[in-house]
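Chemist: This is coords-v5.txt, which holds compact mmCIF, C-alpha atoms:
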```txt
# COMPACT_ATOMS: atom_id res chain seq x y z
CA MET A 15 -26.60 -9.46 27.43
CA TYR A 16 -28.89 -10.09 24.46
CA ARG A 17 -26.16 -8.96 22.02
CA LYS A 18 -23.61 -11.21 23.76
CA LEU A 19 -25.92 -14.26 23.53
CA SER A 20 -26.61 -13.46 19.90
CA ARG A 21 -22.88 -13.37 19.16
CA VAL A 22 -22.44 -16.79 20.89
CA ALA A 23 -25.35 -18.27 18.96
CA ALA A 24 -23.95 -16.91 15.71
CA ALA A 25 -20.54 -18.41 16.48
CA ILE A 26 -22.11 -21.82 17.19
CA ALA A 27 -24.13 -21.66 13.98
CA THR A 28 -21.00 -20.80 11.98
CA THR A 29 -19.10 -23.73 13.54
CA VAL A 30 -21.90 -26.19 12.76
CA ALA A 31 -22.11 -24.89 9.20
CA MET A 32 -18.38 -25.32 8.71
CA PHE A 33 -17.82 -28.65 10.47
CA GLY A 34 -21.22 -30.29 10.89
CA ALA A 35 -23.09 -31.17 14.07
CA PRO A 36 -20.85 -32.76 16.72
CA ASN A 37 -23.18 -35.78 17.15
CA ALA A 38 -23.22 -36.47 13.42
CA GLN A 39 -19.45 -36.37 13.35
CA ALA A 40 -19.23 -38.76 16.30
CA GLN A 41 -21.44 -41.43 14.73
CA GLN A 42 -19.44 -44.57 14.06
CA LEU A 43 -19.64 -48.33 14.39
CA ASN A 44 -16.93 -50.88 15.14
CA LEU A 45 -17.89 -54.09 13.39
CA LEU A 46 -16.32 -57.53 13.87
CA CYS A 47 -17.16 -59.71 10.86
CA ASN A 48 -16.77 -63.48 10.47
CA ALA A 49 -18.20 -63.93 6.97
CA ALA A 50 -16.17 -64.06 3.74
CA ILE A 51 -14.36 -60.76 3.18
CA ASP A 52 -16.51 -59.79 0.15
CA TRP A 53 -19.68 -60.11 2.22
CA CYS A 54 -18.12 -58.22 5.13
CA GLU A 55 -17.21 -55.34 2.81
CA LEU A 56 -20.63 -55.37 1.15
CA MET A 57 -22.34 -55.03 4.54
CA LYS A 58 -19.97 -52.27 5.67
CA ASN A 59 -20.32 -50.25 2.47
CA LYS A 60 -24.10 -50.64 2.24
CA PHE A 61 -24.61 -49.64 5.89
CA GLU A 62 -22.32 -46.60 5.55
CA ALA A 63 -24.04 -45.47 2.34
CA GLU A 64 -27.51 -45.83 3.82
CA THR A 65 -26.91 -44.31 7.27
CA GLY A 66 -23.82 -42.12 6.95
CA ILE A 67 -22.37 -43.92 9.98
CA LYS A 68 -18.63 -44.52 9.60
CA THR A 69 -18.05 -48.25 9.99
CA ASN A 70 -14.70 -49.67 11.04
CA MET A 71 -14.76 -53.33 10.01
CA THR A 72 -12.38 -56.10 11.07
CA ARG A 73 -12.59 -59.56 9.53
CA ARG A 74 -11.64 -62.55 11.71
CA SER A 75 -12.52 -66.23 12.12
CA SER A 76 -15.17 -67.16 14.70
CA GLY A 77 -12.74 -68.57 17.25
CA GLU A 78 -10.46 -65.55 16.99
CA SER A 79 -13.45 -63.23 17.38
CA TYR A 80 -14.62 -64.93 20.55
CA ALA A 81 -11.09 -64.66 21.96
CA GLN A 82 -10.98 -60.94 21.13
CA VAL A 83 -14.39 -60.22 22.63
CA ARG A 84 -13.42 -62.08 25.80
CA ALA A 85 -10.02 -60.41 26.06
CA GLU A 86 -11.52 -56.92 25.64
CA SER A 87 -14.50 -57.46 27.95
CA ALA A 88 -13.30 -54.88 30.49
CA ASN A 89 -12.86 -52.27 27.76
CA PRO A 90 -14.80 -53.30 24.63
CA LYS A 91 -13.52 -52.02 21.31
CA ILE A 92 -16.17 -53.79 19.22
CA ASP A 93 -19.86 -52.81 19.00
CA VAL A 94 -21.36 -55.58 16.86
CA TRP A 95 -20.12 -59.09 16.14
CA TRP A 96 -21.73 -60.18 12.88
CA ALA A 97 -21.77 -63.64 11.26
CA GLY A 98 -19.74 -66.73 12.05
CA THR A 99 -20.92 -69.98 13.61
CA GLY A 100 -23.39 -69.73 16.45
CA ASP A 101 -21.41 -71.78 18.99
CA PRO A 102 -18.92 -69.05 20.00
CA HIS A 103 -21.76 -66.49 20.04
CA LEU A 104 -23.62 -68.77 22.48
CA GLN A 105 -20.49 -69.20 24.58
CA ALA A 106 -20.03 -65.42 24.72
CA ALA A 107 -23.69 -65.06 25.71
CA ALA A 108 -23.32 -67.60 28.51
CA GLU A 109 -20.36 -65.62 29.85
CA GLY A 110 -22.28 -62.34 29.77
CA LEU A 111 -20.03 -60.83 27.11
CA THR A 112 -22.92 -59.76 24.88
CA GLU A 113 -25.93 -57.49 25.32
CA VAL A 114 -29.56 -58.58 25.77
CA TYR A 115 -31.58 -57.21 22.84
CA LYS A 116 -34.98 -58.31 21.54
CA SER A 117 -35.42 -57.16 17.97
CA PRO A 118 -38.96 -56.32 16.81
CA THR A 119 -38.08 -58.37 13.72
CA LEU A 120 -37.95 -61.68 15.68
CA PRO A 121 -41.52 -62.77 14.74
CA LYS A 122 -40.52 -62.64 11.05
CA LEU A 123 -37.43 -64.84 11.43
CA GLN A 124 -37.12 -68.57 10.81
CA PRO A 125 -37.77 -70.86 13.83
CA TRP A 126 -34.09 -71.87 13.97
CA ALA A 127 -33.03 -68.22 14.21
CA ASN A 128 -35.41 -67.64 17.11
CA LYS A 129 -34.28 -70.86 18.79
CA VAL A 130 -30.74 -69.48 19.01
CA ALA A 131 -32.04 -66.17 20.34
CA GLU A 132 -34.07 -67.89 23.04
CA ALA A 133 -31.22 -70.26 24.00
CA SER A 134 -28.92 -67.26 24.51
CA GLY A 135 -31.37 -65.27 26.61
CA PHE A 136 -31.70 -62.96 23.59
CA ARG A 137 -27.99 -62.09 23.58
CA THR A 138 -27.57 -63.35 19.99
CA VAL A 139 -29.77 -64.12 16.98
CA GLY A 140 -29.56 -66.34 13.89
CA ILE A 141 -28.89 -64.60 10.59
CA TYR A 142 -28.27 -67.55 8.24
CA LEU A 143 -28.01 -71.34 8.11
CA GLY A 144 -25.39 -73.47 6.36
CA ALA A 145 -24.69 -77.20 6.28
CA LEU A 146 -21.27 -78.79 6.77
CA GLY A 147 -19.72 -81.06 4.14
CA PHE A 148 -16.68 -81.56 1.95
CA ALA A 149 -15.64 -81.34 -1.68
CA TYR A 150 -13.10 -83.18 -3.77
CA ASN A 151 -11.18 -82.05 -6.82
CA ASN A 152 -12.18 -84.30 -9.73
CA GLN A 153 -8.88 -83.91 -11.58
CA THR A 154 -6.72 -84.56 -8.51
CA LEU A 155 -8.65 -87.70 -7.59
CA ALA A 156 -8.42 -88.98 -11.17
CA SER A 157 -4.69 -88.34 -11.40
CA LYS A 158 -4.07 -90.20 -8.13
CA LYS A 159 -6.60 -92.93 -8.94
CA LEU A 160 -8.56 -92.35 -5.74
CA ALA A 161 -12.20 -93.40 -5.39
CA ALA A 162 -14.57 -90.53 -4.72
CA PRO A 163 -15.35 -90.24 -0.99
CA LYS A 164 -19.01 -90.26 0.00
CA CYS A 165 -18.89 -90.45 3.80
CA TRP A 166 -16.97 -89.03 6.75
CA ALA A 167 -15.50 -92.51 7.26
CA ASP A 168 -13.93 -92.49 3.78
CA LEU A 169 -11.73 -89.50 4.65
CA ALA A 170 -9.94 -91.48 7.40
CA ASP A 171 -8.93 -94.24 4.97
CA PRO A 172 -5.09 -94.47 4.73
CA LYS A 173 -5.31 -94.04 0.95
CA PHE A 174 -6.14 -90.37 1.62
CA LYS A 175 -2.89 -89.75 3.51
CA ASP A 176 -1.92 -86.06 3.16
CA GLU A 177 -4.86 -85.48 0.83
CA VAL A 178 -7.35 -83.82 3.23
CA GLN A 179 -7.42 -80.21 4.37
CA MET A 180 -9.61 -78.93 7.21
CA PRO A 181 -9.68 -75.91 9.51
CA ASP A 182 -8.41 -75.86 13.08
CA PRO A 183 -11.26 -75.98 15.66
CA ASN A 184 -9.30 -73.69 18.00
CA SER A 185 -9.59 -70.80 15.54
CA SER A 186 -12.40 -71.85 13.20
CA GLY A 187 -16.09 -72.16 14.02
CA THR A 188 -16.43 -74.38 10.94
CA ALA A 189 -14.05 -76.95 12.40
CA TYR A 190 -15.65 -76.82 15.84
CA THR A 191 -18.99 -77.52 14.14
CA MET A 192 -17.38 -80.58 12.53
CA LEU A 193 -15.99 -81.72 15.89
CA ALA A 194 -19.36 -81.29 17.62
CA THR A 195 -21.17 -82.90 14.69
CA LEU A 196 -19.15 -86.11 14.73
CA VAL A 197 -19.36 -86.38 18.51
CA GLN A 198 -23.14 -86.35 18.05
CA VAL A 199 -23.10 -88.73 15.05
CA MET A 200 -20.61 -91.30 16.38
CA GLY A 201 -20.49 -90.79 20.13
CA GLU A 202 -17.56 -89.02 21.76
CA GLU A 203 -15.12 -91.93 22.08
CA LYS A 204 -15.59 -93.16 18.51
CA ALA A 205 -15.44 -89.59 17.21
CA PHE A 206 -12.05 -88.95 18.81
CA ALA A 207 -10.74 -92.28 17.55
CA TYR A 208 -11.90 -91.18 14.09
CA PHE A 209 -10.18 -87.78 14.38
CA LYS A 210 -6.90 -89.43 15.37
CA ASN A 211 -7.03 -91.50 12.18
CA LEU A 212 -8.10 -88.52 10.09
CA HIS A 213 -5.18 -86.55 11.54
CA LYS A 214 -2.78 -88.81 9.59
CA ASN A 215 -4.47 -87.71 6.36
CA VAL A 216 -4.64 -83.97 7.05
CA ASN A 217 -2.04 -81.98 5.11
CA GLN A 218 -2.92 -78.68 6.82
CA TYR A 219 -5.14 -77.31 9.57
CA THR A 220 -6.11 -73.85 8.33
CA LYS A 221 -6.92 -70.85 10.50
CA SER A 222 -10.19 -70.03 8.71
CA GLY A 223 -13.08 -72.25 7.67
CA ILE A 224 -13.20 -71.00 4.08
CA ALA A 225 -9.53 -71.78 3.27
CA PRO A 226 -10.01 -75.52 2.49
CA SER A 227 -12.75 -74.69 -0.03
CA GLN A 228 -10.34 -72.40 -1.85
CA ALA A 229 -7.50 -74.94 -1.72
CA VAL A 230 -9.58 -77.81 -3.11
CA GLY A 231 -10.76 -75.64 -5.99
CA ARG A 232 -7.17 -74.83 -6.93
CA GLY A 233 -6.13 -78.48 -6.66
CA GLU A 234 -3.81 -77.82 -3.71
CA THR A 235 -5.57 -80.60 -1.80
CA ALA A 236 -7.68 -83.51 -3.00
CA VAL A 237 -10.38 -82.98 -0.37
CA GLY A 238 -11.44 -79.86 1.51
CA ILE A 239 -13.77 -79.83 4.51
CA SER A 240 -15.90 -76.70 4.93
CA PHE A 241 -19.47 -75.44 4.86
CA MET A 242 -21.35 -76.21 1.67
CA HIS A 243 -21.95 -72.54 0.87
CA ASP A 244 -18.19 -71.91 0.96
CA LEU A 245 -17.48 -74.98 -1.17
CA MET A 246 -20.12 -73.79 -3.63
CA ILE A 247 -18.01 -70.70 -4.37
CA ALA A 248 -15.39 -72.91 -6.05
CA LYS A 249 -18.04 -74.77 -8.04
CA VAL A 250 -19.75 -71.57 -9.20
CA GLY A 251 -16.31 -70.24 -10.11
CA GLY A 252 -15.85 -73.08 -12.59
CA PHE A 253 -13.35 -75.18 -10.64
CA PRO A 254 -13.53 -78.98 -11.12
CA VAL A 255 -15.02 -79.88 -7.74
CA THR A 256 -17.81 -82.16 -6.55
CA LEU A 257 -19.65 -81.31 -3.35
CA VAL A 258 -20.52 -84.09 -0.90
CA THR A 259 -23.01 -84.20 1.96
CA PRO A 260 -21.66 -87.09 4.08
CA CYS A 261 -23.71 -90.28 4.13
CA GLU A 262 -23.69 -90.58 7.94
CA GLY A 263 -25.40 -87.21 8.28
CA THR A 264 -23.99 -83.78 8.97
CA GLY A 265 -24.33 -80.80 11.23
CA TYR A 266 -24.95 -77.20 10.40
CA GLU A 267 -24.16 -73.73 11.57
CA ILE A 268 -26.56 -71.01 12.47
CA GLY A 269 -24.57 -67.92 11.65
CA SER A 270 -25.30 -65.39 14.37
CA MET A 271 -25.09 -61.75 15.39
CA SER A 272 -24.45 -60.20 18.81
CA ILE A 273 -24.14 -56.74 20.31
CA ILE A 274 -21.13 -56.53 22.62
CA LYS A 275 -21.81 -55.82 26.29
CA GLY A 276 -20.73 -52.28 27.08
CA ALA A 277 -20.50 -51.29 23.40
CA ARG A 278 -19.31 -47.69 23.02
CA ASN A 279 -21.71 -47.00 20.15
CA MET A 280 -24.90 -48.69 21.34
CA VAL A 281 -27.34 -46.63 19.24
CA GLU A 282 -25.37 -47.35 16.07
CA ALA A 283 -25.02 -51.03 17.07
CA LYS A 284 -28.80 -51.45 17.27
CA LYS A 285 -29.21 -49.68 13.93
CA PHE A 286 -26.83 -52.16 12.31
CA TYR A 287 -28.58 -55.07 14.05
CA GLU A 288 -31.93 -54.12 12.51
CA PHE A 289 -30.28 -53.35 9.18
CA ALA A 290 -28.71 -56.84 9.06
CA LEU A 291 -32.04 -58.56 9.79
CA ARG A 292 -33.92 -56.84 6.97
CA PRO A 293 -34.98 -59.17 4.13
CA ASP A 294 -33.68 -56.85 1.38
CA ILE A 295 -30.23 -56.74 3.03
CA GLN A 296 -30.09 -60.51 3.58
CA SER A 297 -31.08 -61.00 -0.07
CA LEU A 298 -27.88 -59.23 -1.17
CA ALA A 299 -25.62 -62.10 0.00
CA PRO A 300 -25.27 -63.79 -3.44
CA GLN A 301 -23.71 -60.56 -4.76
CA ALA A 302 -20.79 -61.41 -2.46
CA LYS A 303 -20.82 -65.10 -3.48
CA SER A 304 -22.40 -66.09 -0.18
CA TYR A 305 -25.03 -68.80 -0.53
CA GLN A 306 -26.36 -69.45 2.96
CA ILE A 307 -30.08 -69.75 3.78
CA PRO A 308 -31.15 -66.35 5.19
CA SER A 309 -32.99 -66.10 8.51
CA HIS A 310 -35.71 -63.65 7.49
CA THR A 311 -38.73 -65.49 6.08
CA GLU A 312 -39.19 -62.84 3.37
CA ALA A 313 -35.55 -62.83 2.21
CA LYS A 314 -34.73 -64.44 -1.13
CA VAL A 315 -33.00 -67.81 -0.79
CA PRO A 316 -30.04 -68.08 -3.22
CA ALA A 317 -30.53 -70.57 -6.05
CA GLU A 318 -27.13 -72.03 -5.16
CA ALA A 319 -28.06 -72.68 -1.50
CA ILE A 320 -28.42 -76.26 -0.31
CA LYS A 321 -31.94 -77.51 0.21
CA PRO A 322 -32.32 -78.97 3.73
CA SER A 323 -34.60 -81.66 2.30
CA ASP A 324 -31.70 -82.90 0.13
CA VAL A 325 -29.27 -83.19 3.05
CA LYS A 326 -29.26 -85.62 5.97
CA LEU A 327 -29.06 -83.04 8.74
CA ILE A 328 -28.62 -84.26 12.30
CA ASP A 329 -30.61 -82.84 15.20
CA TYR A 330 -27.70 -80.59 16.16
CA ASP A 331 -27.88 -79.60 19.83
CA GLN A 332 -27.01 -75.90 19.61
CA ALA A 333 -27.50 -75.25 23.32
CA LYS A 334 -25.26 -78.07 24.55
CA TYR A 335 -22.44 -77.74 22.01
CA GLY A 336 -22.55 -73.97 22.12
CA SER A 337 -22.15 -73.97 25.89
CA SER A 338 -18.89 -72.72 27.36
CA GLU A 339 -18.34 -75.91 29.38
CA THR A 340 -18.81 -78.35 26.49
CA ARG A 341 -16.86 -76.25 24.01
CA LYS A 342 -13.86 -75.83 26.32
CA ARG A 343 -13.82 -79.53 27.20
CA LEU A 344 -13.94 -80.72 23.59
CA LEU A 345 -11.27 -78.27 22.45
CA ALA A 346 -9.01 -79.28 25.33
CA ARG A 347 -9.43 -82.92 24.40
CA TRP A 348 -8.74 -82.11 20.75
CA GLY A 349 -5.47 -80.46 21.72
CA SER A 350 -4.30 -83.26 23.97
CA GLU A 351 -5.37 -86.20 21.81
CA VAL A 352 -5.63 -85.19 18.16
CA THR A 353 -3.10 -82.50 17.23
CA SER A 354 -0.47 -84.21 19.36
CA ALA A 355 -1.16 -87.63 17.82
CA PRO A 356 1.54 -89.15 15.58
CA LYS A 357 1.26 -88.84 11.83
```
Could I get this file's structure written as structure tokens?
Modeler:
Amino acid sequence: MYRKLSRVAAAIATTVAMFGAPNAQAQQLNLLCNAAIDWCELMKNKFEAETGIKTNMTRRSSGESYAQVRAESANPKIDVWWAGTGDPHLQAAAEGLTEVYKSPTLPKLQPWANKVAEASGFRTVGIYLGALGFAYNNQTLASKKLAAPKCWADLADPKFKDEVQMPDPNSSGTAYTMLATLVQVMGEEKAFAYFKNLHKNVNQYTKSGIAPSQAVGRGETAVGISFMHDLMIAKVGGFPVTLVTPCEGTGYEIGSMSIIKGARNMVEAKKFYEFALRPDIQSLAPQAKSYQIPSHTEAKVPAEAIKPSDVKLIDYDQAKYGSSETRKRLLARWGSEVTSAPK
């Protein structure tokens, strides 16, 4: 019997030596990323290099990610949903699509990051903050003899017909933030009247929030509406753009992170969660041309990031406008009144 057990043990040892421990082989993470592709890849590569955990990363817009998480709720294929505007993360939390998890790092995060965590019942957490705005191409405006816009109201002026590009709120968290922002700034009725007028000036509703910032840099549109950190990429890249924080005030996103309810790789998901909250990891964002304000109080704030004191930020109601009921109602109204409006 002893010899037989010895032979079995030897066989197991040989197998492990040849192929590695089964658990080590099985370690993997399925990551859904809503940031710019360079930042998504940086996070994936850094996490793999540090932990040895194979990371399968998919990049989508915030709205598309929420739709995927909801559609796969009975059989989740994603473990961690990282980045993107907080509203769809809050909606997913309200619907029980994400896991309750209280990170030991919470006491070291900014108050706004903790506010999102608390509002979600600790089913999501803030990882960065970015303000909404727009940019115009200096050369395009000069060639068309258009006055530089300074306010949201300016973009609805008929002189900007077919000169404005913005994302679609049905697929883009950036655009939903704009929709929710102007409802709070103007009141709902005036905001929808504004969007109907702006609709006449929009040359394209893009799927992702970053696309208008790229288009305005290349001169494909006179004005692009996006988050300031995305618009800054064009400016840092040497394109002739001027960034504008609208005079009426503007909203902001709290980019968030959630673990998916029923995640197949829960241990690895929590490892990534803690990894993504570390100050040294958050400080890497500028390497991927991402200039948001990080949520960890000890992380380095990029020199290119907007300073909240320089921007007229509204008191954005994250809980209300991130709720499933409000979000669904506003998007339904957008579809019936804005996109169907005549040009």
Chemist: List as a VMD selection string the protein and nucleic acid residues near Thr264 (chain A), meaning an atom at most 8 Å away when only C-alpha atoms are counted, but skip any in the same chain fewer than 6 places from it.
Modeler: chain A and resid 145 to 147 195 to 196 199 325 to 328
Chemist: Identify which of the residues A:Phe174, A:Trp53, A:Tyr190, A:Tyr330 lies closest to Ala236 (chain A), counting all atoms listed in the file when measuring atom-to-atom distances.
Modeler: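 Distance minimum relative to Ala236 (chain A) lands on A:Phe174.
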Chemist: Which one is closest to Met200 (chain A): A:Trp96, A:Tyr142, A:Phe253, A:Trp166? Count all atoms listed in the file.
Modeler: A:Trp166
Chemist: Excluding Arg84 (chain A) and its own-chain neighbours fewer than 2 positions away, which residues fall within 12 Å of it when counting all atoms listed in the file? Please give them as a VMD selection string.
Modeler: chain A and resid 77 to 82 86 to 92 102 to 103 105 to 112 274 to 275
Chemist: I'd like the neighbourhood of Ala302 (chain A) as a PyMOL selection string, where a residue qualifies if any of its atoms comes within 10 Å (using only C-alpha atoms), though same-chain residues fewer than 5 positions away should be ignored.
Modeler: chain A and resi 50-57+247
Chemist: Return region 180-196 of chain A, completed with N, CA and C atoms, as an mmCIF file, in the frame of the given file.
Modeler:
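That gives us rebuild_25.cif:
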```cif
data_model
loop_
_atom_site.group_PDB
_atom_site.id
_atom_site.type_symbol
_atom_site.label_atom_id
_atom_site.label_comp_id
_atom_site.auth_asym_id
_atom_site.auth_seq_id
_atom_site.Cartn_x
_atom_site.Cartn_y
_atom_site.Cartn_z
ATOM 1 N N MET A 180 -8.488 -79.380 6.379
ATOM 2 C CA MET A 180 -9.610 -78.930 7.210
ATOM 3 C C MET A 180 -9.146 -77.776 8.094
ATOM 4 N N PRO A 181 -10.077 -76.996 8.617
ATOM 5 C CA PRO A 181 -9.680 -75.910 9.510
ATOM 6 C C PRO A 181 -9.359 -76.422 10.914
ATOM 7 N N ASP A 182 -8.772 -75.556 11.702
ATOM 8 C CA ASP A 182 -8.410 -75.860 13.080
ATOM 9 C C ASP A 182 -9.563 -75.435 13.999
ATOM 10 N N PRO A 183 -10.115 -76.346 14.807
ATOM 11 C CA PRO A 183 -11.260 -75.980 15.660
ATOM 12 C C PRO A 183 -10.933 -74.946 16.733
ATOM 13 N N ASN A 184 -9.651 -74.712 17.005
ATOM 14 C CA ASN A 184 -9.300 -73.690 18.000
ATOM 15 C C ASN A 184 -9.467 -72.280 17.450
ATOM 16 N N SER A 185 -9.429 -72.127 16.134
ATOM 17 C CA SER A 185 -9.590 -70.800 15.540
ATOM 18 C C SER A 185 -10.818 -70.703 14.642
ATOM 19 N N SER A 186 -11.326 -71.835 14.196
ATOM 20 C CA SER A 186 -12.400 -71.850 13.200
ATOM 21 C C SER A 186 -13.703 -72.427 13.761
ATOM 22 N N GLY A 187 -14.769 -71.662 13.629
ATOM 23 C CA GLY A 187 -16.090 -72.160 14.020
ATOM 24 C C GLY A 187 -16.536 -73.303 13.127
ATOM 25 N N THR A 188 -16.104 -73.292 11.865
ATOM 26 C CA THR A 188 -16.430 -74.380 10.940
ATOM 27 C C THR A 188 -15.920 -75.710 11.482
ATOM 28 N N ALA A 189 -14.656 -75.720 11.905
ATOM 29 C CA ALA A 189 -14.050 -76.950 12.400
ATOM 30 C C ALA A 189 -14.648 -77.389 13.728
ATOM 31 N N TYR A 190 -15.000 -76.420 14.583
ATOM 32 C CA TYR A 190 -15.650 -76.820 15.840
ATOM 33 C C TYR A 190 -17.003 -77.442 15.535
ATOM 34 N N THR A 191 -17.715 -76.921 14.537
ATOM 35 C CA THR A 191 -18.990 -77.520 14.140
ATOM 36 C C THR A 191 -18.779 -78.962 13.689
ATOM 37 N N MET A 192 -17.698 -79.219 12.958
ATOM 38 C CA MET A 192 -17.380 -80.580 12.530
ATOM 39 C C MET A 192 -17.101 -81.471 13.747
ATOM 40 N N LEU A 193 -16.308 -80.966 14.685
ATOM 41 C CA LEU A 193 -15.990 -81.720 15.890
ATOM 42 C C LEU A 193 -17.271 -82.053 16.657
ATOM 43 N N ALA A 194 -18.112 -81.066 16.893
ATOM 44 C CA ALA A 194 -19.360 -81.290 17.620
ATOM 45 C C ALA A 194 -20.314 -82.187 16.847
ATOM 46 N N THR A 195 -20.305 -82.063 15.524
ATOM 47 C CA THR A 195 -21.170 -82.900 14.690
ATOM 48 C C THR A 195 -20.823 -84.373 14.831
ATOM 49 N N LEU A 196 -19.537 -84.701 14.702
ATOM 50 C CA LEU A 196 -19.150 -86.110 14.730
ATOM 51 C C LEU A 196 -19.236 -86.708 16.129
#
```
